[in-house]
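Student: This is entry_5.cif (mmCIF, C-alpha atoms).
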```cif
data_data
#
loop_
_atom_site.label_atom_id
_atom_site.label_comp_id
_atom_site.auth_asym_id
_atom_site.auth_seq_id
_atom_site.Cartn_x
_atom_site.Cartn_y
_atom_site.Cartn_z
CA MET A 1 -88.22 106.15 93.88
CA GLY A 2 -91.76 106.50 95.18
CA ILE A 3 -94.17 109.11 93.88
CA GLU A 4 -97.22 110.19 95.84
CA ILE A 5 -100.14 111.85 94.11
CA GLU A 6 -102.55 112.99 96.76
CA ARG A 7 -105.46 115.40 96.84
CA LYS A 8 -106.96 116.83 100.01
CA PHE A 9 -110.54 117.89 100.70
CA LEU A 10 -112.37 119.36 103.67
CA PRO A 11 -115.44 117.27 104.54
CA ARG A 12 -118.67 119.26 104.50
CA ASN A 13 -120.33 116.88 106.98
CA ASP A 14 -119.83 113.60 108.89
CA GLY A 15 -121.30 111.41 106.12
CA TRP A 16 -117.96 109.58 105.85
CA ARG A 17 -118.31 108.11 109.37
CA ALA A 18 -120.94 105.53 108.44
CA ALA A 19 -118.84 104.36 105.48
CA ALA A 20 -115.57 103.98 107.41
CA HIS A 21 -114.51 100.33 107.56
CA LYS A 22 -111.36 100.76 109.66
CA VAL A 23 -109.89 103.32 112.07
CA VAL A 24 -106.19 103.52 112.97
CA PRO A 25 -104.72 105.80 115.66
CA MET A 26 -101.64 107.73 114.55
CA ALA A 27 -99.04 109.95 116.19
CA GLN A 28 -96.38 111.68 114.14
CA GLY A 29 -93.73 114.34 114.37
CA TYR A 30 -91.13 115.98 112.16
CA LEU A 31 -87.36 116.06 112.44
CA ASN A 32 -87.33 119.36 110.54
CA ASP A 33 -89.76 122.25 110.59
CA LEU A 34 -91.91 124.16 108.17
CA ALA A 35 -89.61 127.22 108.17
CA LEU A 36 -86.65 125.20 106.87
CA VAL A 37 -88.74 123.62 104.13
CA ASP A 38 -90.50 126.89 103.23
CA SER A 39 -87.20 128.77 102.99
CA GLY A 40 -85.78 126.16 100.64
CA ALA A 41 -83.00 125.32 103.11
CA MET A 42 -84.38 121.77 103.08
CA GLN A 43 -86.06 120.20 100.08
CA ALA A 44 -88.06 117.59 102.01
CA SER A 45 -89.93 116.96 105.23
CA VAL A 46 -88.69 114.14 107.46
CA ARG A 47 -91.45 112.50 109.50
CA VAL A 48 -91.68 109.69 112.01
CA ARG A 49 -95.11 108.09 112.46
CA ILE A 50 -96.55 105.43 114.69
CA GLU A 51 -99.73 104.03 113.17
CA GLY A 52 -101.41 101.35 115.21
CA ASP A 53 -98.77 98.70 115.94
CA ALA A 54 -96.36 99.79 113.17
CA ALA A 55 -93.95 102.68 112.72
CA PHE A 56 -92.36 104.40 109.73
CA LEU A 57 -89.80 107.01 108.78
CA ASN A 58 -91.08 109.06 105.85
CA ILE A 59 -89.42 111.63 103.60
CA LYS A 60 -91.51 113.78 101.23
CA SER A 61 -90.13 116.24 98.72
CA ARG A 62 -91.14 119.89 98.69
CA GLU A 63 -92.97 120.37 95.41
CA LEU A 64 -95.93 122.36 94.20
CA GLY A 65 -99.17 120.55 93.51
CA ALA A 66 -100.51 117.12 94.34
CA ARG A 67 -97.42 115.19 93.19
CA ARG A 68 -94.25 114.70 95.22
CA GLN A 69 -91.51 112.19 95.81
CA GLU A 70 -92.12 110.01 98.85
CA PHE A 71 -89.90 107.48 100.58
CA GLU A 72 -91.12 105.38 103.51
CA TYR A 73 -89.21 102.90 105.65
CA PRO A 74 -90.46 100.71 108.49
CA VAL A 75 -88.73 101.23 111.84
CA PRO A 76 -89.19 99.46 115.17
CA VAL A 77 -91.93 101.09 117.27
CA ALA A 78 -89.52 101.60 120.20
CA GLU A 79 -87.15 103.52 117.93
CA ALA A 80 -90.05 105.56 116.53
CA ARG A 81 -91.02 106.56 120.08
CA ALA A 82 -87.43 107.69 120.70
CA LEU A 83 -87.42 109.64 117.41
CA LEU A 84 -90.68 111.37 118.36
CA GLN A 85 -88.82 112.81 121.36
CA LEU A 86 -86.34 114.44 118.94
CA CYS A 87 -88.99 116.09 116.77
CA VAL A 88 -89.42 119.84 116.42
CA GLY A 89 -92.83 121.44 116.69
CA GLY A 90 -95.77 119.63 118.15
CA LEU A 91 -96.93 116.07 117.88
CA VAL A 92 -99.71 115.52 115.33
CA GLU A 93 -102.21 113.00 116.67
CA LYS A 94 -105.18 111.73 114.72
CA HIS A 95 -107.51 108.88 113.97
CA ARG A 96 -107.37 107.84 110.33
CA HIS A 97 -110.68 106.50 109.02
CA TYR A 98 -110.54 104.38 105.85
CA VAL A 99 -113.51 104.87 103.52
CA GLU A 100 -114.10 103.10 100.18
CA HIS A 101 -116.00 105.16 97.63
CA ALA A 102 -116.53 104.43 93.93
CA GLY A 103 -113.45 102.23 93.63
CA HIS A 104 -111.07 104.50 95.55
CA LEU A 105 -109.81 104.49 99.10
CA TRP A 106 -110.30 107.74 100.98
CA GLU A 107 -108.37 108.43 104.19
CA VAL A 108 -110.21 110.77 106.52
CA ASP A 109 -108.02 112.20 109.26
CA GLU A 110 -109.81 113.32 112.41
CA PHE A 111 -107.23 115.30 114.35
CA LEU A 112 -106.80 115.24 118.12
CA GLY A 113 -104.87 117.27 120.70
CA ASP A 114 -103.85 120.76 119.54
CA ASN A 115 -105.47 120.06 116.15
CA ALA A 116 -108.80 118.81 117.55
CA GLY A 117 -111.76 119.95 115.50
CA LEU A 118 -109.98 119.65 112.16
CA VAL A 119 -110.93 116.90 109.68
CA VAL A 120 -109.19 116.43 106.31
CA ALA A 121 -109.97 113.79 103.67
CA GLU A 122 -107.32 112.55 101.24
CA ILE A 123 -107.36 110.41 98.15
CA GLU A 124 -104.23 108.96 96.54
CA LEU A 125 -104.31 108.67 92.77
CA ASP A 126 -102.25 106.98 90.06
CA ALA A 127 -102.00 110.19 88.02
CA GLU A 128 -102.60 113.89 88.68
CA ASP A 129 -105.42 113.94 86.15
CA ALA A 130 -106.96 110.62 87.23
CA ALA A 131 -110.73 110.63 87.27
CA PHE A 132 -112.51 109.90 90.52
CA THR A 133 -115.97 110.38 91.96
CA LYS A 134 -116.03 112.80 94.84
CA PRO A 135 -118.30 111.63 97.68
CA ASP A 136 -121.22 113.87 98.69
CA TRP A 137 -119.56 114.51 102.06
CA ALA A 138 -116.34 115.84 100.48
CA GLY A 139 -116.29 119.62 100.31
CA PRO A 140 -113.75 122.13 99.01
CA GLU A 141 -110.35 120.98 97.81
CA ALA A 142 -107.41 121.91 100.05
CA THR A 143 -104.57 120.28 98.11
CA HIS A 144 -102.68 123.54 97.61
CA ALA A 145 -103.49 125.06 101.01
CA GLN A 146 -100.31 124.54 103.02
CA ARG A 147 -101.89 125.06 106.45
CA TYR A 148 -103.78 121.75 106.09
CA TYR A 149 -100.59 119.72 105.69
CA ASN A 150 -99.32 117.79 108.68
CA LEU A 151 -95.93 119.55 108.68
CA ALA A 152 -97.73 122.89 108.96
CA LEU A 153 -100.05 121.53 111.69
CA ALA A 154 -97.01 120.45 113.72
CA SER A 155 -95.63 124.01 113.50
CA ARG A 156 -98.90 125.90 113.91
CA PRO A 157 -101.76 123.69 115.09
CA PHE A 158 -105.44 124.26 114.36
CA SER A 159 -105.95 125.53 117.93
CA GLN A 160 -103.78 128.56 117.02
CA TRP A 161 -105.68 129.46 113.85
CA ARG A 162 -107.71 132.67 113.79
CA GLU A 163 -111.46 132.28 113.36
CA ASP A 164 -111.32 133.54 109.77
CA GLU A 165 -108.67 130.87 108.96
CA ARG A 166 -110.93 128.17 110.40
CA GLN A 167 -113.87 129.31 108.28
CA ALA A 168 -112.24 130.18 104.96
CA LEU A 169 -110.25 128.08 102.56
CA ASP A 170 -107.63 130.24 100.89
CA LEU A 171 -106.13 128.15 98.10
CA LYS A 172 -103.26 130.60 97.73
CA ASP A 173 -101.83 130.16 101.22
CA GLY A 174 -98.78 128.06 100.49
CA HIS A 175 -96.75 125.60 98.57
CA GLY A 176 -98.83 122.47 99.13
CA CYS A 177 -95.88 120.93 100.90
CA CYS A 178 -95.61 117.73 102.80
#
```
If you took the structure in this file and wrote it as structure tokens, what would it be?
Tutor:
Amino acid sequence: MGIEIERKFLPRNDGWRAAAHKVVPMAQGYLNDLALVDSGAMQASVRVRIEGDAAFLNIKSRELGARRQEFEYPVPVAEARALLQLCVGGLVEKHRHYVEHAGHLWEVDEFLGDNAGLVVAEIELDAEDAAFTKPDWAGPEATHAQRYYNLALASRPFSQWREDERQALDLKDGHGCC
């Protein structure tokens, strides 16, 4: 069983761009929606993602905090394209920028399409209390703010957020799911 421990941050500026050593285009969708996961009717999100020339089926458990079960399986790209046609909600498109900082890999997602204008930085850790050095460009933590999760962005993209939602980070807005 795979365990993912991931923390999310909102970049305060574009300082990460100069440090990015690789960029990968991604398109992903979900075979279930946020309402089913939020209601408890489903205990996991089911995602299909095409990243560059590879594709994956991913299942993440619905759990509070930065730690959740994660299962990921490679699938043929042609099958992933067909699965994307079956997804509910919108397609989440982004460029993932890989940035090394102080011995850790940061993944900075620059969203496109209906989520254009949103940028979220993530770091995966070996333990929830693992020490890491936060880069100067990393701003407030959004790990527990559900609206910044890809499943939520597929259901209600950044383009539909009110201005106050775009400006404020409310850490009490959700379950930190998926």
Student: Given the point (-93.2, 112.9, 102.9) in the file's coordinates, find the residues that have an atom at most 6 Å from it, counting all atoms listed in the file, and give them as a list in words.
Tutor: Ser45, Asn58, Ile59, Lys60, Glu70 and Cys178 of chain A
Student: Convert the output of the PyMOL selection byres ((chain A and resi 131-133) around 12) on the shown file into explicit residues, formatted as a list in words.
Tutor: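 Output from the PyMOL selection byres ((chain A and resi 131-133) around 12), applied to this file: Arg7, Glu100, His101, Ala102, Gly103, His104, Leu105, Trp106, Ile123, Glu124, Leu125, Asp126, Ala127, Glu128, Asp129, Ala130, Lys134, Pro135, Asp136, Trp137 and Ala138 of chain A.
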Student: Using all atoms listed in the file - which residues lie no farther than 12 Å from the point (-120.8, 102.2, 106.5) in the file's frame? Write them as a PDB file with C-alpha atoms, in the coordinates of the input.
Tutor:
```pdb
ATOM      1  CA  ASP A  14    -119.830 113.600 108.890  1.00  0.00           C
ATOM      2  CA  GLY A  15    -121.300 111.410 106.120  1.00  0.00           C
ATOM      3  CA  TRP A  16    -117.960 109.580 105.850  1.00  0.00           C
ATOM      4  CA  ARG A  17    -118.310 108.110 109.370  1.00  0.00           C
ATOM      5  CA  ALA A  18    -120.940 105.530 108.440  1.00  0.00           C
ATOM      6  CA  ALA A  19    -118.840 104.360 105.480  1.00  0.00           C
ATOM      7  CA  ALA A  20    -115.570 103.980 107.410  1.00  0.00           C
ATOM      8  CA  HIS A  21    -114.510 100.330 107.560  1.00  0.00           C
ATOM      9  CA  LYS A  22    -111.360 100.760 109.660  1.00  0.00           C
ATOM     10  CA  HIS A  97    -110.680 106.500 109.020  1.00  0.00           C
ATOM     11  CA  TYR A  98    -110.540 104.380 105.850  1.00  0.00           C
ATOM     12  CA  VAL A  99    -113.510 104.870 103.520  1.00  0.00           C
ATOM     13  CA  GLU A 100    -114.100 103.100 100.180  1.00  0.00           C
ATOM     14  CA  HIS A 101    -116.000 105.160  97.630  1.00  0.00           C
TER      15      HIS A 101
END
```
Student: Mind giving me the straight-line distance from atom CA of A:Tyr73 to atom CA of A:Cys87 in Å, one decimal?
Tutor: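 One can read the atom CA of A:Tyr73 to atom CA of A:Cys87 distance as 17.3 Å.
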Student: Using the chain letters and numbering of this document, enumerate as a PyMOL selection string the residues selected by the PyMOL selection byres ((chain A and resi 2) around 6).
Tutor: chain A and resi 1+3+69-71
Student: Padding 4 Å on each side, edges along x, y and z: where is the centre of the box around the listed atoms of stretch 10-29 of chain A, and how long are its edges in Å to one decimal? Output it as JSON.
Tutor:
```
{"center_x": -107.5, "center_y": 109.8, "center_z": 109.9, "size_x": 35.6, "size_y": 27.0, "size_z": 20.5}
```
Student: Step by step, work through what the PyMOL selection byres ((chain A and resi 88) around 7) selects in the shown file, and finish by giving those residues as a list in words.
Tutor: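 This file gives the following for the PyMOL selection byres ((chain A and resi 88) around 7): Tyr30, Leu31, Asn32, Asp33, Leu86, Cys87, Gly89 and Gly90 of chain A.
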Student: Can you write just those residues out, C-alpha atoms, as a short mmCIF file (atom, residue, chain, number, x, y, z; two decimals), in the frame of the given file?
Tutor:
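Printed below is result.cif as written:
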```
data_model
loop_
_atom_site.label_atom_id
_atom_site.label_comp_id
_atom_site.auth_asym_id
_atom_site.auth_seq_id
_atom_site.Cartn_x
_atom_site.Cartn_y
_atom_site.Cartn_z
CA TYR A 30 -91.13 115.98 112.16
CA LEU A 31 -87.36 116.06 112.44
CA ASN A 32 -87.33 119.36 110.54
CA ASP A 33 -89.76 122.25 110.59
CA LEU A 86 -86.34 114.44 118.94
CA CYS A 87 -88.99 116.09 116.77
CA GLY A 89 -92.83 121.44 116.69
CA GLY A 90 -95.77 119.63 118.15
#
```
Student: Excluding A:Phe158 and its own-chain neighbours fewer than 4 positions away, which residues fall within 9 Å of it when counting all atoms listed in the file? Please give them as a PyMOL selection string.
Tutor: chain A and resi 114-118+147-148+153+162+166
Student: Any idea what's packed within 6 Å of A:Ala55, counting only C-alpha atoms, ignoring anything in its chain fewer than 3 positions away? Could you give it as a PDB file with C-alpha atoms, in the frame of the given file?
Tutor:
```pdb
ATOM      1  CA  ARG A  49     -95.110 108.090 112.460  1.00  0.00           C
ATOM      2  CA  ILE A  50     -96.550 105.430 114.690  1.00  0.00           C
ATOM      3  CA  GLU A  51     -99.730 104.030 113.170  1.00  0.00           C
ATOM      4  CA  PRO A  74     -90.460 100.710 108.490  1.00  0.00           C
ATOM      5  CA  VAL A  75     -88.730 101.230 111.840  1.00  0.00           C
ATOM      6  CA  VAL A  77     -91.930 101.090 117.270  1.00  0.00           C
TER       7      VAL A  77
END
```
Student: Pick the closest to A:Gln28 from A:Lys94, A:Arg62, A:Lys8, A:Arg68: which is it, counting only C-alpha atoms?
Tutor: A:Lys94
Student: Go ahead and compute the interatomic distance for atom CA of A:His95 and atom CA of A:Glu6, in Å to one decimal.
Tutor: 18.4 Å
Student: Will you model N, CA, C and O atoms for stretch 41-67 of chain A and pass it back as a PDB file, keeping the file's coordinate frame?
Tutor:
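Result file part05.pdb:
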```pdb
ATOM      1  N   ALA A  41     -84.215 125.847 102.485  1.00  0.00           N
ATOM      2  CA  ALA A  41     -83.000 125.320 103.110  1.00  0.00           C
ATOM      3  C   ALA A  41     -83.016 123.794 103.118  1.00  0.00           C
ATOM      4  O   ALA A  41     -81.966 123.163 103.093  1.00  0.00           O
ATOM      5  N   MET A  42     -84.212 123.218 103.187  1.00  0.00           N
ATOM      6  CA  MET A  42     -84.380 121.770 103.080  1.00  0.00           C
ATOM      7  C   MET A  42     -85.410 121.519 101.979  1.00  0.00           C
ATOM      8  O   MET A  42     -86.387 122.248 101.867  1.00  0.00           O
ATOM      9  N   GLN A  43     -85.187 120.494 101.210  1.00  0.00           N
ATOM     10  CA  GLN A  43     -86.060 120.200 100.080  1.00  0.00           C
ATOM     11  C   GLN A  43     -87.076 119.097 100.375  1.00  0.00           C
ATOM     12  O   GLN A  43     -87.758 118.635  99.477  1.00  0.00           O
ATOM     13  N   ALA A  44     -87.137 118.675 101.651  1.00  0.00           N
ATOM     14  CA  ALA A  44     -88.060 117.590 102.010  1.00  0.00           C
ATOM     15  C   ALA A  44     -88.421 117.686 103.488  1.00  0.00           C
ATOM     16  O   ALA A  44     -87.659 118.227 104.291  1.00  0.00           O
ATOM     17  N   SER A  45     -89.574 117.140 103.823  1.00  0.00           N
ATOM     18  CA  SER A  45     -89.930 116.960 105.230  1.00  0.00           C
ATOM     19  C   SER A  45     -89.491 115.562 105.647  1.00  0.00           C
ATOM     20  O   SER A  45     -89.477 114.635 104.829  1.00  0.00           O
ATOM     21  N   VAL A  46     -89.120 115.434 106.918  1.00  0.00           N
ATOM     22  CA  VAL A  46     -88.690 114.140 107.460  1.00  0.00           C
ATOM     23  C   VAL A  46     -89.603 113.852 108.652  1.00  0.00           C
ATOM     24  O   VAL A  46     -89.562 114.556 109.659  1.00  0.00           O
ATOM     25  N   ARG A  47     -90.412 112.807 108.526  1.00  0.00           N
ATOM     26  CA  ARG A  47     -91.450 112.500 109.500  1.00  0.00           C
ATOM     27  C   ARG A  47     -91.236 111.118 110.101  1.00  0.00           C
ATOM     28  O   ARG A  47     -90.812 110.192 109.419  1.00  0.00           O
ATOM     29  N   VAL A  48     -91.585 110.991 111.369  1.00  0.00           N
ATOM     30  CA  VAL A  48     -91.680 109.690 112.010  1.00  0.00           C
ATOM     31  C   VAL A  48     -93.141 109.516 112.419  1.00  0.00           C
ATOM     32  O   VAL A  48     -93.760 110.465 112.916  1.00  0.00           O
ATOM     33  N   ARG A  49     -93.697 108.322 112.153  1.00  0.00           N
ATOM     34  CA  ARG A  49     -95.110 108.090 112.460  1.00  0.00           C
ATOM     35  C   ARG A  49     -95.277 106.717 113.082  1.00  0.00           C
ATOM     36  O   ARG A  49     -94.724 105.730 112.606  1.00  0.00           O
ATOM     37  N   ILE A  50     -96.081 106.694 114.125  1.00  0.00           N
ATOM     38  CA  ILE A  50     -96.550 105.430 114.690  1.00  0.00           C
ATOM     39  C   ILE A  50     -98.013 105.318 114.291  1.00  0.00           C
ATOM     40  O   ILE A  50     -98.808 106.214 114.583  1.00  0.00           O
ATOM     41  N   GLU A  51     -98.337 104.254 113.579  1.00  0.00           N
ATOM     42  CA  GLU A  51     -99.730 104.030 113.170  1.00  0.00           C
ATOM     43  C   GLU A  51    -100.146 102.643 113.625  1.00  0.00           C
ATOM     44  O   GLU A  51     -99.651 101.642 113.117  1.00  0.00           O
ATOM     45  N   GLY A  52    -101.017 102.622 114.626  1.00  0.00           N
ATOM     46  CA  GLY A  52    -101.410 101.350 115.210  1.00  0.00           C
ATOM     47  C   GLY A  52    -100.193 100.678 115.830  1.00  0.00           C
ATOM     48  O   GLY A  52     -99.515 101.271 116.664  1.00  0.00           O
ATOM     49  N   ASP A  53     -99.890  99.460 115.398  1.00  0.00           N
ATOM     50  CA  ASP A  53     -98.770  98.700 115.940  1.00  0.00           C
ATOM     51  C   ASP A  53     -97.521  98.770 115.058  1.00  0.00           C
ATOM     52  O   ASP A  53     -96.584  98.000 115.248  1.00  0.00           O
ATOM     53  N   ALA A  54     -97.493  99.671 114.094  1.00  0.00           N
ATOM     54  CA  ALA A  54     -96.360  99.790 113.170  1.00  0.00           C
ATOM     55  C   ALA A  54     -95.798 101.210 113.233  1.00  0.00           C
ATOM     56  O   ALA A  54     -96.460 102.140 113.699  1.00  0.00           O
ATOM     57  N   ALA A  55     -94.571 101.363 112.747  1.00  0.00           N
ATOM     58  CA  ALA A  55     -93.950 102.680 112.720  1.00  0.00           C
ATOM     59  C   ALA A  55     -93.135 102.845 111.448  1.00  0.00           C
ATOM     60  O   ALA A  55     -92.615 101.867 110.901  1.00  0.00           O
ATOM     61  N   PHE A  56     -93.017 104.107 111.000  1.00  0.00           N
ATOM     62  CA  PHE A  56     -92.360 104.400 109.730  1.00  0.00           C
ATOM     63  C   PHE A  56     -91.604 105.714 109.799  1.00  0.00           C
ATOM     64  O   PHE A  56     -92.024 106.645 110.478  1.00  0.00           O
ATOM     65  N   LEU A  57     -90.523 105.775 109.050  1.00  0.00           N
ATOM     66  CA  LEU A  57     -89.800 107.010 108.780  1.00  0.00           C
ATOM     67  C   LEU A  57     -90.168 107.388 107.353  1.00  0.00           C
ATOM     68  O   LEU A  57     -90.118 106.542 106.452  1.00  0.00           O
ATOM     69  N   ASN A  58     -90.572 108.634 107.140  1.00  0.00           N
ATOM     70  CA  ASN A  58     -91.080 109.060 105.850  1.00  0.00           C
ATOM     71  C   ASN A  58     -90.384 110.353 105.428  1.00  0.00           C
ATOM     72  O   ASN A  58     -90.206 111.253 106.236  1.00  0.00           O
ATOM     73  N   ILE A  59     -90.030 110.426 104.163  1.00  0.00           N
ATOM     74  CA  ILE A  59     -89.420 111.630 103.600  1.00  0.00           C
ATOM     75  C   ILE A  59     -90.240 112.021 102.377  1.00  0.00           C
ATOM     76  O   ILE A  59     -90.462 111.211 101.478  1.00  0.00           O
ATOM     77  N   LYS A  60     -90.718 113.277 102.355  1.00  0.00           N
ATOM     78  CA  LYS A  60     -91.510 113.780 101.230  1.00  0.00           C
ATOM     79  C   LYS A  60     -90.846 115.031 100.684  1.00  0.00           C
ATOM     80  O   LYS A  60     -90.490 115.940 101.425  1.00  0.00           O
ATOM     81  N   SER A  61     -90.736 115.084  99.360  1.00  0.00           N
ATOM     82  CA  SER A  61     -90.130 116.240  98.720  1.00  0.00           C
ATOM     83  C   SER A  61     -91.039 117.462  98.787  1.00  0.00           C
ATOM     84  O   SER A  61     -92.255 117.344  98.906  1.00  0.00           O
ATOM     85  N   ARG A  62     -90.418 118.623  98.705  1.00  0.00           N
ATOM     86  CA  ARG A  62     -91.140 119.890  98.690  1.00  0.00           C
ATOM     87  C   ARG A  62     -91.387 120.245  97.233  1.00  0.00           C
ATOM     88  O   ARG A  62     -90.467 120.629  96.517  1.00  0.00           O
ATOM     89  N   GLU A  63     -92.623 120.067  96.793  1.00  0.00           N
ATOM     90  CA  GLU A  63     -92.970 120.370  95.410  1.00  0.00           C
ATOM     91  C   GLU A  63     -94.372 120.958  95.374  1.00  0.00           C
ATOM     92  O   GLU A  63     -95.200 120.671  96.224  1.00  0.00           O
ATOM     93  N   LEU A  64     -94.609 121.783  94.380  1.00  0.00           N
ATOM     94  CA  LEU A  64     -95.930 122.360  94.200  1.00  0.00           C
ATOM     95  C   LEU A  64     -96.889 121.301  93.675  1.00  0.00           C
ATOM     96  O   LEU A  64     -96.493 120.402  92.945  1.00  0.00           O
ATOM     97  N   GLY A  65     -98.153 121.425  94.047  1.00  0.00           N
ATOM     98  CA  GLY A  65     -99.170 120.550  93.510  1.00  0.00           C
ATOM     99  C   GLY A  65     -99.384 119.272  94.291  1.00  0.00           C
ATOM    100  O   GLY A  65     -98.908 119.117  95.406  1.00  0.00           O
ATOM    101  N   ALA A  66    -100.100 118.359  93.679  1.00  0.00           N
ATOM    102  CA  ALA A  66    -100.510 117.120  94.340  1.00  0.00           C
ATOM    103  C   ALA A  66     -99.460 116.030  94.250  1.00  0.00           C
ATOM    104  O   ALA A  66     -99.567 115.014  94.907  1.00  0.00           O
ATOM    105  N   ARG A  67     -98.408 116.235  93.453  1.00  0.00           N
ATOM    106  CA  ARG A  67     -97.420 115.190  93.190  1.00  0.00           C
ATOM    107  C   ARG A  67     -96.099 115.523  93.875  1.00  0.00           C
ATOM    108  O   ARG A  67     -95.580 116.621  93.764  1.00  0.00           O
TER     109      ARG A  67
END
```
